[in-house]
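Visitor: Structure supplied as final-v4.pdb; contents: PDB, C-alpha atoms.
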```pdb
ATOM      1  CA  MET A   1       0.000   0.000   0.000
ATOM      2  CA  LYS A   2       1.237   3.466  -0.890
ATOM      3  CA  LYS A   3       0.966   6.554   1.318
ATOM      4  CA  SER A   4      -0.466   8.954  -1.263
ATOM      5  CA  VAL A   5      -1.519   8.474  -4.877
ATOM      6  CA  ILE A   6      -3.413  10.312  -7.602
ATOM      7  CA  GLY A   7      -5.823   8.912 -10.178
ATOM      8  CA  LYS A   8      -6.904  11.026 -13.131
ATOM      9  CA  SER A   9      -9.492  11.007 -15.895
ATOM     10  CA  ASN A  10     -10.916  13.494 -18.369
ATOM     11  CA  ALA A  11     -14.161  14.815 -19.788
ATOM     12  CA  LYS A  12     -15.743  13.569 -22.989
ATOM     13  CA  ILE A  13     -18.088  14.931 -25.613
ATOM     14  CA  ILE A  14     -20.018  13.232 -28.392
ATOM     15  CA  LEU A  15     -18.558  14.389 -31.693
ATOM     16  CA  LEU A  16     -21.152  12.660 -33.870
ATOM     17  CA  GLY A  17     -23.888  10.093 -33.348
ATOM     18  CA  ASP A  18     -25.971  11.920 -30.744
ATOM     19  CA  HIS A  19     -29.413  10.239 -30.569
ATOM     20  CA  SER A  20     -28.846   8.052 -33.629
ATOM     21  CA  VAL A  21     -26.665   5.806 -31.439
ATOM     22  CA  VAL A  22     -29.840   4.914 -29.517
ATOM     23  CA  TYR A  23     -31.061   3.217 -32.706
ATOM     24  CA  GLY A  24     -27.931   1.196 -33.407
ATOM     25  CA  GLN A  25     -25.996   3.766 -35.432
ATOM     26  CA  PRO A  26     -22.313   4.433 -34.688
ATOM     27  CA  ALA A  27     -21.130   7.285 -32.504
ATOM     28  CA  ILE A  28     -17.763   8.936 -31.939
ATOM     29  CA  ALA A  29     -16.804  10.391 -28.585
ATOM     30  CA  LEU A  30     -13.797  12.627 -28.045
ATOM     31  CA  PRO A  31     -11.763  12.835 -24.834
ATOM     32  CA  LEU A  32     -11.052  16.300 -23.481
ATOM     33  CA  PRO A  33      -7.707  15.886 -21.687
ATOM     34  CA  SER A  34      -7.659  19.510 -20.543
ATOM     35  CA  VAL A  35     -10.903  19.065 -18.549
ATOM     36  CA  THR A  36      -9.983  16.691 -15.759
ATOM     37  CA  THR A  37     -11.133  14.866 -12.660
ATOM     38  CA  THR A  38      -8.532  14.044 -10.022
ATOM     39  CA  VAL A  39      -8.817  11.653  -7.089
ATOM     40  CA  GLN A  40      -6.141  11.745  -4.405
ATOM     41  CA  MET A  41      -5.960   8.958  -1.824
ATOM     42  CA  THR A  42      -3.847   9.425   1.284
ATOM     43  CA  ALA A  43      -3.191   6.925   4.050
ATOM     44  CA  THR A  44      -4.473   8.042   7.466
ATOM     45  CA  THR A  45      -4.419   6.624  10.979
ATOM     46  CA  ALA A  46      -8.160   6.015  11.300
ATOM     47  CA  GLY A  47     -11.400   6.059   9.341
ATOM     48  CA  GLN A  48     -12.320   6.167   5.671
ATOM     49  CA  THR A  49     -13.332   9.664   4.595
ATOM     50  CA  ILE A  50     -14.071  11.481   1.375
ATOM     51  CA  ALA A  51     -14.163  15.126   0.293
ATOM     52  CA  SER A  52     -15.979  16.232  -2.868
ATOM     53  CA  ARG A  53     -18.257  18.997  -4.107
ATOM     54  CA  TYR A  54     -21.272  16.876  -3.132
ATOM     55  CA  PHE A  55     -20.203  15.351   0.179
ATOM     56  CA  ASP A  56     -17.547  15.733   2.846
ATOM     57  CA  GLY A  57     -17.289  13.137   5.600
ATOM     58  CA  PRO A  58     -17.156   9.392   6.320
ATOM     59  CA  ILE A  59     -17.643   7.194   3.272
ATOM     60  CA  ALA A  60     -20.099   5.107   5.290
ATOM     61  CA  GLN A  61     -22.409   8.132   5.384
ATOM     62  CA  LEU A  62     -22.441   8.848   1.634
ATOM     63  CA  ASN A  63     -26.019   9.509   0.565
ATOM     64  CA  HIS A  64     -28.075   7.743  -2.102
ATOM     65  CA  HIS A  65     -27.237  10.405  -4.722
ATOM     66  CA  LEU A  66     -23.732   8.938  -4.818
ATOM     67  CA  ALA A  67     -24.820   5.299  -4.699
ATOM     68  CA  GLY A  68     -22.672   4.428  -7.718
ATOM     69  CA  VAL A  69     -19.554   5.791  -6.023
ATOM     70  CA  VAL A  70     -20.398   3.901  -2.823
ATOM     71  CA  ALA A  71     -20.798   0.625  -4.726
ATOM     72  CA  LEU A  72     -17.538   1.144  -6.605
ATOM     73  CA  ILE A  73     -15.474   1.978  -3.520
ATOM     74  CA  THR A  74     -17.041  -0.855  -1.514
ATOM     75  CA  THR A  75     -16.349  -3.374  -4.281
ATOM     76  CA  LEU A  76     -12.723  -2.303  -4.602
ATOM     77  CA  LEU A  77     -12.096  -2.357  -0.855
ATOM     78  CA  GLU A  78     -13.426  -5.908  -0.739
ATOM     79  CA  ARG A  79     -11.345  -6.820  -3.799
ATOM     80  CA  PHE A  80      -8.170  -5.567  -2.093
ATOM     81  CA  ASP A  81      -9.028  -6.841   1.424
ATOM     82  CA  GLY A  82      -9.003  -3.190   2.439
ATOM     83  CA  THR A  83     -12.311  -2.762   4.255
ATOM     84  CA  GLN A  84     -10.455  -1.808   7.438
ATOM     85  CA  THR A  85      -7.713   0.236   5.759
ATOM     86  CA  PRO A  86      -7.878   3.906   6.818
ATOM     87  CA  PHE A  87      -7.583   6.590   4.139
ATOM     88  CA  HIS A  88      -8.841   9.958   2.986
ATOM     89  CA  MET A  89     -10.040  10.458  -0.598
ATOM     90  CA  THR A  90     -10.329  13.886  -2.219
ATOM     91  CA  ILE A  91     -12.256  14.249  -5.491
ATOM     92  CA  THR A  92     -11.626  17.385  -7.546
ATOM     93  CA  SER A  93     -13.372  17.841 -10.886
ATOM     94  CA  ASP A  94     -13.428  20.476 -13.614
ATOM     95  CA  LEU A  95     -16.417  18.759 -15.229
ATOM     96  CA  PRO A  96     -19.869  20.309 -14.861
ATOM     97  CA  ALA A  97     -22.677  17.932 -13.983
ATOM     98  CA  GLU A  98     -25.589  17.279 -16.351
ATOM     99  CA  ARG A  99     -23.836  18.729 -19.378
ATOM    100  CA  GLY A 100     -23.145  15.536 -21.318
ATOM    101  CA  MET A 101     -19.436  15.549 -20.502
ATOM    102  CA  GLY A 102     -19.339  12.244 -18.648
ATOM    103  CA  SER A 103     -18.871  13.592 -15.131
ATOM    104  CA  SER A 104     -19.941  10.427 -13.282
ATOM    105  CA  ALA A 105     -17.805   8.142 -15.447
ATOM    106  CA  ALA A 106     -14.815  10.449 -15.020
ATOM    107  CA  VAL A 107     -15.155  10.211 -11.237
ATOM    108  CA  ASP A 108     -15.436   6.411 -11.386
ATOM    109  CA  VAL A 109     -12.383   6.132 -13.645
ATOM    110  CA  ALA A 110     -10.278   8.376 -11.396
ATOM    111  CA  ILE A 111     -11.386   6.507  -8.256
ATOM    112  CA  THR A 112     -10.533   3.140  -9.816
ATOM    113  CA  ARG A 113      -7.113   4.305 -10.958
ATOM    114  CA  ALA A 114      -6.361   5.848  -7.557
ATOM    115  CA  MET A 115      -7.446   2.790  -5.585
ATOM    116  CA  TYR A 116      -5.460   0.373  -7.747
ATOM    117  CA  GLN A 117      -2.382   2.548  -7.207
ATOM    118  CA  PHE A 118      -3.063   2.950  -3.497
ATOM    119  CA  PHE A 119      -3.224  -0.814  -2.985
ATOM    120  CA  ASP A 120      -0.321  -1.286  -5.418
ATOM    121  CA  ARG A 121      -2.135  -3.503  -7.912
ATOM    122  CA  PRO A 122      -1.667  -3.594 -11.710
ATOM    123  CA  LEU A 123      -4.596  -2.284 -13.752
ATOM    124  CA  SER A 124      -5.306  -3.260 -17.361
ATOM    125  CA  ARG A 125      -7.659  -1.265 -19.557
ATOM    126  CA  SER A 126     -10.192  -4.090 -19.692
ATOM    127  CA  THR A 127     -10.211  -4.397 -15.899
ATOM    128  CA  LEU A 128     -10.568  -0.627 -15.609
ATOM    129  CA  LEU A 129     -13.645  -0.524 -17.848
ATOM    130  CA  ASP A 130     -15.243  -3.568 -16.201
ATOM    131  CA  THR A 131     -14.702  -2.019 -12.778
ATOM    132  CA  VAL A 132     -16.016   1.413 -13.702
ATOM    133  CA  ALA A 133     -19.175  -0.262 -15.017
ATOM    134  CA  ILE A 134     -20.037  -1.207 -11.413
ATOM    135  CA  GLY A 135     -20.668   2.413 -10.517
ATOM    136  CA  GLU A 136     -22.022   3.460 -13.904
ATOM    137  CA  LYS A 137     -24.741   0.772 -13.916
ATOM    138  CA  ILE A 138     -26.094   2.110 -10.646
ATOM    139  CA  THR A 139     -25.866   5.739 -11.768
ATOM    140  CA  HIS A 140     -27.235   5.314 -15.306
ATOM    141  CA  GLY A 141     -29.021   1.951 -15.329
ATOM    142  CA  ASN A 142     -27.812   0.553 -18.645
ATOM    143  CA  PRO A 143     -24.849   2.615 -19.846
ATOM    144  CA  SER A 144     -23.339   2.047 -23.287
ATOM    145  CA  GLY A 145     -19.827   2.223 -21.835
ATOM    146  CA  ILE A 146     -18.808   5.083 -24.102
ATOM    147  CA  ASP A 147     -18.441   7.569 -21.228
ATOM    148  CA  ALA A 148     -16.055   5.343 -19.287
ATOM    149  CA  ALA A 149     -14.139   4.319 -22.409
ATOM    150  CA  THR A 150     -13.621   7.939 -23.454
ATOM    151  CA  SER A 151     -12.936   9.491 -20.059
ATOM    152  CA  SER A 152     -10.083   6.995 -19.684
ATOM    153  CA  SER A 153      -8.726   7.422 -23.228
ATOM    154  CA  ALA A 154      -6.365   9.846 -24.956
ATOM    155  CA  VAL A 155      -7.884   9.218 -28.404
ATOM    156  CA  PRO A 156     -11.445   9.119 -29.806
ATOM    157  CA  VAL A 157     -13.717   6.171 -29.128
ATOM    158  CA  TRP A 158     -15.937   4.466 -31.717
ATOM    159  CA  LEU A 159     -19.167   2.839 -30.540
ATOM    160  CA  ILE A 160     -21.673   0.682 -32.367
ATOM    161  CA  PRO A 161     -24.180  -0.441 -29.701
ATOM    162  CA  HIS A 162     -23.895  -4.094 -28.695
ATOM    163  CA  GLN A 163     -21.189  -4.623 -31.332
ATOM    164  CA  THR A 164     -18.069  -2.491 -31.048
ATOM    165  CA  LEU A 165     -16.407  -0.222 -28.526
ATOM    166  CA  GLN A 166     -12.858   0.658 -29.551
ATOM    167  CA  GLN A 167     -10.282   3.412 -29.668
ATOM    168  CA  LEU A 168      -9.725   5.120 -33.019
ATOM    169  CA  SER A 169      -6.603   6.163 -34.833
ATOM    170  CA  PHE A 170      -6.361   9.916 -34.631
ATOM    171  CA  HIS A 171      -4.582  12.254 -37.029
ATOM    172  CA  LEU A 172      -6.187  15.681 -36.795
ATOM    173  CA  ASN A 173      -4.837  19.162 -36.326
ATOM    174  CA  GLY A 174      -7.345  21.704 -35.095
ATOM    175  CA  VAL A 175      -9.048  23.182 -32.075
ATOM    176  CA  LEU A 176     -12.412  22.359 -30.550
ATOM    177  CA  VAL A 177     -14.306  24.905 -28.489
ATOM    178  CA  ILE A 178     -16.983  23.574 -26.150
ATOM    179  CA  ALA A 179     -19.539  26.009 -24.763
ATOM    180  CA  ASP A 180     -22.139  25.620 -22.034
ATOM    181  CA  SER A 181     -25.530  27.055 -22.978
ATOM    182  CA  GLY A 182     -26.313  27.656 -19.316
ATOM    183  CA  VAL A 183     -29.326  25.343 -19.520
ATOM    184  CA  LYS A 184     -29.177  21.820 -18.109
ATOM    185  CA  GLY A 185     -29.432  19.164 -20.779
ATOM    186  CA  GLN A 186     -32.630  17.115 -20.873
ATOM    187  CA  THR A 187     -31.348  13.807 -22.201
ATOM    188  CA  GLY A 188     -34.241  11.666 -21.022
ATOM    189  CA  GLN A 189     -36.823  14.084 -22.356
ATOM    190  CA  ALA A 190     -34.973  14.432 -25.668
ATOM    191  CA  VAL A 191     -34.656  10.668 -26.169
ATOM    192  CA  ALA A 192     -38.355  10.195 -25.427
ATOM    193  CA  SER A 193     -39.242  12.994 -27.844
ATOM    194  CA  VAL A 194     -37.287  11.356 -30.682
ATOM    195  CA  ALA A 195     -38.972   8.019 -29.935
ATOM    196  CA  ARG A 196     -42.419   9.660 -30.226
ATOM    197  CA  ARG A 197     -41.357  11.397 -33.400
ATOM    198  CA  LYS A 198     -40.157   8.098 -34.838
ATOM    199  CA  THR A 199     -43.632   6.632 -34.277
ATOM    200  CA  THR A 200     -45.506   9.650 -35.629
ATOM    201  CA  PHE A 201     -43.227  10.479 -38.567
ATOM    202  CA  PRO A 202     -41.333   7.236 -39.199
ATOM    203  CA  GLN A 203     -40.066   7.907 -42.718
ATOM    204  CA  VAL A 204     -38.486  11.313 -42.170
ATOM    205  CA  THR A 205     -37.225  10.437 -38.673
ATOM    206  CA  ASN A 206     -35.583   7.217 -39.849
ATOM    207  CA  GLN A 207     -33.923   9.148 -42.666
ATOM    208  CA  GLN A 208     -32.534  11.692 -40.189
ATOM    209  CA  ILE A 209     -31.243   8.916 -37.924
ATOM    210  CA  ASN A 210     -29.614   7.098 -40.838
ATOM    211  CA  THR A 211     -28.008  10.336 -42.042
ATOM    212  CA  LEU A 212     -26.530  10.894 -38.593
ATOM    213  CA  GLY A 213     -25.124   7.370 -38.705
ATOM    214  CA  GLN A 214     -23.495   7.950 -42.074
ATOM    215  CA  LEU A 215     -21.976  11.184 -40.772
ATOM    216  CA  SER A 216     -20.243   9.184 -38.041
ATOM    217  CA  TYR A 217     -18.519   7.106 -40.715
ATOM    218  CA  THR A 218     -17.525  10.315 -42.491
ATOM    219  CA  ALA A 219     -16.115  11.736 -39.291
ATOM    220  CA  ARG A 220     -14.120   8.576 -38.678
ATOM    221  CA  GLU A 221     -12.391   9.063 -42.034
ATOM    222  CA  CYS A 222     -11.786  12.738 -41.269
ATOM    223  CA  LEU A 223     -10.161  11.984 -37.920
ATOM    224  CA  ALA A 224      -7.883   9.396 -39.505
ATOM    225  CA  ASP A 225      -6.802  11.587 -42.424
ATOM    226  CA  ASN A 226      -6.718  15.116 -40.978
ATOM    227  CA  GLN A 227      -9.687  16.318 -43.073
ATOM    228  CA  ILE A 228     -10.725  19.150 -40.799
ATOM    229  CA  THR A 229     -12.787  21.134 -43.334
ATOM    230  CA  ARG A 230     -14.804  18.066 -44.273
ATOM    231  CA  LEU A 231     -15.288  17.280 -40.588
ATOM    232  CA  GLY A 232     -16.652  20.777 -40.008
ATOM    233  CA  GLU A 233     -19.157  20.253 -42.825
ATOM    234  CA  ALA A 234     -20.218  16.969 -41.237
ATOM    235  CA  LEU A 235     -20.859  18.739 -37.923
ATOM    236  CA  ASN A 236     -23.043  21.321 -39.639
ATOM    237  CA  THR A 237     -25.035  18.643 -41.445
ATOM    238  CA  ALA A 238     -25.471  16.732 -38.201
ATOM    239  CA  GLN A 239     -26.874  19.823 -36.516
ATOM    240  CA  GLU A 240     -29.466  20.105 -39.290
ATOM    241  CA  GLN A 241     -30.594  16.550 -38.569
ATOM    242  CA  LEU A 242     -30.638  17.084 -34.810
ATOM    243  CA  SER A 243     -32.669  20.263 -35.193
ATOM    244  CA  GLY A 244     -35.053  18.312 -37.400
ATOM    245  CA  LEU A 245     -35.400  15.722 -34.649
ATOM    246  CA  GLY A 246     -36.441  18.504 -32.280
ATOM    247  CA  VAL A 247     -33.613  18.100 -29.775
ATOM    248  CA  SER A 248     -31.910  21.470 -30.137
ATOM    249  CA  SER A 249     -32.973  24.589 -28.235
ATOM    250  CA  PRO A 250     -33.084  28.354 -28.859
ATOM    251  CA  GLU A 251     -29.999  28.827 -26.698
ATOM    252  CA  LEU A 252     -28.036  26.159 -28.553
ATOM    253  CA  ASP A 253     -29.194  27.395 -31.963
ATOM    254  CA  HIS A 254     -28.067  30.913 -31.080
ATOM    255  CA  LEU A 255     -24.609  29.835 -29.906
ATOM    256  CA  ILE A 256     -24.129  27.592 -32.932
ATOM    257  CA  THR A 257     -24.936  30.501 -35.253
ATOM    258  CA  VAL A 258     -22.592  32.780 -33.319
ATOM    259  CA  ALA A 259     -19.760  30.247 -33.575
ATOM    260  CA  ARG A 260     -20.148  29.813 -37.320
ATOM    261  CA  GLU A 261     -20.304  33.559 -37.915
ATOM    262  CA  ALA A 262     -17.130  33.957 -35.841
ATOM    263  CA  GLY A 263     -15.259  31.561 -38.128
ATOM    264  CA  ALA A 264     -15.900  28.028 -36.884
ATOM    265  CA  LEU A 265     -15.629  25.367 -39.598
ATOM    266  CA  GLY A 266     -18.623  23.585 -38.103
ATOM    267  CA  ALA A 267     -20.755  23.630 -34.979
ATOM    268  CA  LYS A 268     -23.447  21.475 -33.396
ATOM    269  CA  LEU A 269     -25.004  20.499 -30.108
ATOM    270  CA  THR A 270     -23.386  17.629 -28.250
ATOM    271  CA  GLY A 271     -25.106  15.027 -26.116
ATOM    272  CA  GLY A 272     -28.797  14.799 -25.391
ATOM    273  CA  GLY A 273     -29.632  18.358 -26.330
ATOM    274  CA  MET A 274     -32.565  20.515 -25.208
ATOM    275  CA  GLY A 275     -29.861  22.423 -23.343
ATOM    276  CA  GLY A 276     -26.366  21.426 -22.308
ATOM    277  CA  CYS A 277     -23.355  22.097 -24.496
ATOM    278  CA  MET A 278     -22.429  22.811 -28.096
ATOM    279  CA  ILE A 279     -19.133  22.302 -29.897
ATOM    280  CA  ALA A 280     -17.372  24.381 -32.538
ATOM    281  CA  LEU A 281     -14.510  23.086 -34.676
ATOM    282  CA  CYS A 282     -11.829  25.633 -35.551
ATOM    283  CA  ALA A 283      -8.833  25.465 -37.861
ATOM    284  CA  ASP A 284      -6.328  26.965 -35.427
ATOM    285  CA  GLN A 285      -5.931  28.622 -32.048
ATOM    286  CA  ALA A 286      -6.434  32.144 -33.387
ATOM    287  CA  SER A 287      -9.795  31.172 -34.843
ATOM    288  CA  ALA A 288     -10.721  29.327 -31.658
ATOM    289  CA  LYS A 289      -9.931  32.406 -29.595
ATOM    290  CA  ARG A 290     -12.300  34.508 -31.718
ATOM    291  CA  VAL A 291     -15.030  31.876 -31.500
ATOM    292  CA  LYS A 292     -14.617  31.537 -27.748
ATOM    293  CA  HIS A 293     -14.837  35.304 -27.260
ATOM    294  CA  ALA A 294     -17.953  35.500 -29.432
ATOM    295  CA  LEU A 295     -19.641  32.671 -27.539
ATOM    296  CA  LEU A 296     -18.959  34.195 -24.143
ATOM    297  CA  THR A 297     -20.160  37.574 -25.381
ATOM    298  CA  HIS A 298     -23.414  36.057 -26.658
ATOM    299  CA  GLY A 299     -24.537  34.046 -23.668
ATOM    300  CA  ALA A 300     -22.316  31.006 -23.109
ATOM    301  CA  THR A 301     -21.829  30.543 -19.372
ATOM    302  CA  ALA A 302     -18.529  28.647 -19.715
ATOM    303  CA  THR A 303     -16.184  27.454 -22.434
ATOM    304  CA  TRP A 304     -13.423  24.910 -22.750
ATOM    305  CA  THR A 305     -10.811  24.661 -25.486
ATOM    306  CA  GLU A 306      -9.153  21.467 -26.668
ATOM    307  CA  VAL A 307      -6.196  21.541 -29.052
ATOM    308  CA  PHE A 308      -5.878  18.484 -31.291
ATOM    309  CA  GLN A 309      -2.492  17.399 -32.564
ATOM    310  CA  ASP A 310      -1.659  14.661 -35.044
ATOM    311  CA  GLU A 311      -0.863  11.806 -32.706
ATOM    312  CA  GLU A 312      -2.010   8.303 -31.921
ATOM    313  CA  GLU A 313      -2.171   6.488 -28.623
ATOM    314  CA  PRO A 314      -0.255   3.180 -28.544
ATOM    315  CA  ALA A 315      -2.411   0.053 -28.473
TER     316      ALA A 315
END
```
What is this structure when it is put down as structure tokens?

Guide:
Amino acid sequence: MKKSVIGKSNAKIILLGDHSVVYGQPAIALPLPSVTTTVQMTATTAGQTIASRYFDGPIAQLNHHLAGVVALITTLLERFDGTQTPFHMTITSDLPAERGMGSSAAVDVAITRAMYQFFDRPLSRSTLLDTVAIGEKITHGNPSGIDAATSSSAVPVWLIPHQTLQQLSFHLNGVLVIADSGVKGQTGQAVASVARRKTTFPQVTNQQINTLGQLSYTARECLADNQITRLGEALNTAQEQLSGLGVSSPELDHLITVAREAGALGAKLTGGGMGGCMIALCADQASAKRVKHALLTHGATATWTEVFQDEEEPA
């Protein structure tokens, strides 16, 4: 057992495949390494305590809102024969909750990494993802796994539901600006709305869903071959489909327009929609700076900037 360790993870956003992934189409999620969650574990003389933005005190008194975290920590302590081991855990996160950035998965990933280090055990990627699923299943019911896979990855993740979940080769130079609309995303409501729309207007809705799926394949090619202009066009086309599905919002539409007028190559909502965040793809940092300034001036409550460089994570 080590005296003090740190486990880290990062935010994620859906690049393409929002909503269509619910109907079996592929989705691509991007890690945001500059938006992090950190868990520090330190050996103490007595007790097992935790400090976070939601709770500060004995782990045994964690409330039901953090049931996934409780289950994860309890499982790992039993796995390591550490139920009586005293420690203090501090969780620090840059990720906003309920914005489609994978905040719960990021916490679970960072906790798992920290606890494996603390008890001095090796951790493979497959074990990491299987372990994180313990907390995610309680928090989200039936998660796809894309949040955990991306918040623990340095490269994009490709998901086809019930078929494939893998890291992608990544060769792209550019900058992504993420902006918070200031309105909490309504993922459940948005998913239900698309389902109703699919029943009422099956032909047009199915066409929109299929188009979104094809755009994910396009984006995969763009990420592999540094086709940033084409990727921007794909984002714009995806936003048209998502607006047609009724999952955008006036706030998101406004910010997307602002970003494009400020020079973004493409912009769209990300995640469930009906609030939450939007993304804007920019050719370089100068363009991203202009887009970020425009977004903040026109109502975005927060922004994050991620610089992409042509690199690939080892297998």

Visitor: What does the distance from CA of Arg230 (chain A) to CA of Trp158 (chain A) come to in Å, to one decimal?

Guide: 18.5 Å

Visitor: Compile a residue-level contact table for region 20-108 of chain A against region 250-272 of chain A at a cut-off of 12 Å, reporting for every qualifying residue the shortest atom pair and its distance in Å to one decimal, with all atoms listed in the file counted, rows ordered by chain and ascending number, as JSON lines.

Guide:
```
{"residue": "A:Ser20", "atom": "CA", "partner": "A:Gly272", "partner_atom": "CA", "distance": 10.6}
{"residue": "A:Val21", "atom": "CA", "partner": "A:Gly271", "partner_atom": "CA", "distance": 10.8}
{"residue": "A:Val22", "atom": "CA", "partner": "A:Gly272", "partner_atom": "CA", "distance": 10.8}
{"residue": "A:Ala27", "atom": "CA", "partner": "A:Gly271", "partner_atom": "CA", "distance": 10.8}
{"residue": "A:Ile28", "atom": "CA", "partner": "A:Thr270", "partner_atom": "CA", "distance": 11.0}
{"residue": "A:Ala29", "atom": "CA", "partner": "A:Thr270", "partner_atom": "CA", "distance": 9.8}
{"residue": "A:Leu30", "atom": "CA", "partner": "A:Thr270", "partner_atom": "CA", "distance": 10.8}
{"residue": "A:Glu98", "atom": "CA", "partner": "A:Gly272", "partner_atom": "CA", "distance": 9.9}
{"residue": "A:Arg99", "atom": "CA", "partner": "A:Gly271", "partner_atom": "CA", "distance": 7.8}
{"residue": "A:Gly100", "atom": "CA", "partner": "A:Gly271", "partner_atom": "CA", "distance": 5.2}
{"residue": "A:Met101", "atom": "CA", "partner": "A:Gly271", "partner_atom": "CA", "distance": 8.0}
{"residue": "A:Gly102", "atom": "CA", "partner": "A:Gly271", "partner_atom": "CA", "distance": 9.8}
```

Visitor: Decode the PyMOL selection byres ((chain A and resi 39-55) around 12) for the given file into explicit residues and return them as a ChimeraX atom specification.

Guide: /A:1-10,36-38,56-66,69-70,73-74,77,82-97,106-119

Visitor: Suppose a student applies the PyMOL selection byres ((chain A and resi 293-309) around 7) to this structure; what residues should they get, written as a list in words?

Guide: Leu32, Ser34, Leu172, Asn173, Gly174, Val175, Leu176, Val177, Ile178, Ala179, Asp180, Ser181, Gly182, Leu255, Val258, Ala259, Ala262, Lys289, Arg290, Val291, Lys292, Asp310 and Glu311 of chain A

Visitor: Neighbourhood query: residues within 9 Å of (-22.1, 2.8, -15.6), file coordinates, counting all atoms listed in the file; return as a list in words.

Guide: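 Final list of nearby residues, as requested, is Gly68, Ser104, Ala105, Asp108, Val132, Ala133, Ile134, Gly135, Glu136, Lys137, Ile138, Thr139, His140, Gly141, Asn142, Pro143, Ser144, Gly145, Asp147 and Ala148 of chain A.
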
Visitor: Measure the distance from CA of Gln189 (chain A) to CA of Ser248 (chain A) in Å and round it to one decimal.

Guide: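 CA of Ser248 (chain A) lies at a distance of 11.8 Å from CA of Gln189 (chain A).
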
Visitor: From the options A:Pro31, A:Glu78, A:Ser193, A:Ser126, which residue's atoms come nearest to Val155 (chain A), counting only C-alpha atoms?

Guide: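 Ranking A:Pro31, A:Glu78, A:Ser193, A:Ser126 by distance to Val155 (chain A), first place goes to A:Pro31.
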
Visitor: Of the residues A:Ile209, A:Leu168, A:Ala286, A:Ile14, which is the one nearest to Gly273 (chain A), using only C-alpha atoms?

Guide: A:Ile14

Visitor: Please measure the separation of CA of Asn226 (chain A) and CA of Pro33 (chain A), giving the value in Å to one decimal.

Guide: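 CA of Pro33 (chain A) lies at a distance of 19.3 Å from CA of Asn226 (chain A).
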
Visitor: Please write the residues picked by the PyMOL selection byres ((chain A and resi 218) around 12) on this file as a ChimeraX atom specification.

Guide: /A:15-17,26-28,211-217,219-235,237-238

Visitor: Of the residues A:Thr164, A:Thr127, A:Ser287, A:Gln208, which is the one nearest to Leu245 (chain A), using all atoms listed in the file?

Guide: A:Gln208

Visitor: Calculated over only C-alpha atoms, which of the candidates A:Gly185, A:Gly24, A:Pro122, A:Pro202 has the smallest distance to Gly276 (chain A)?

Guide: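 Once distances to Gly276 (chain A) are computed over only C-alpha atoms, the minimum belongs to A:Gly185.
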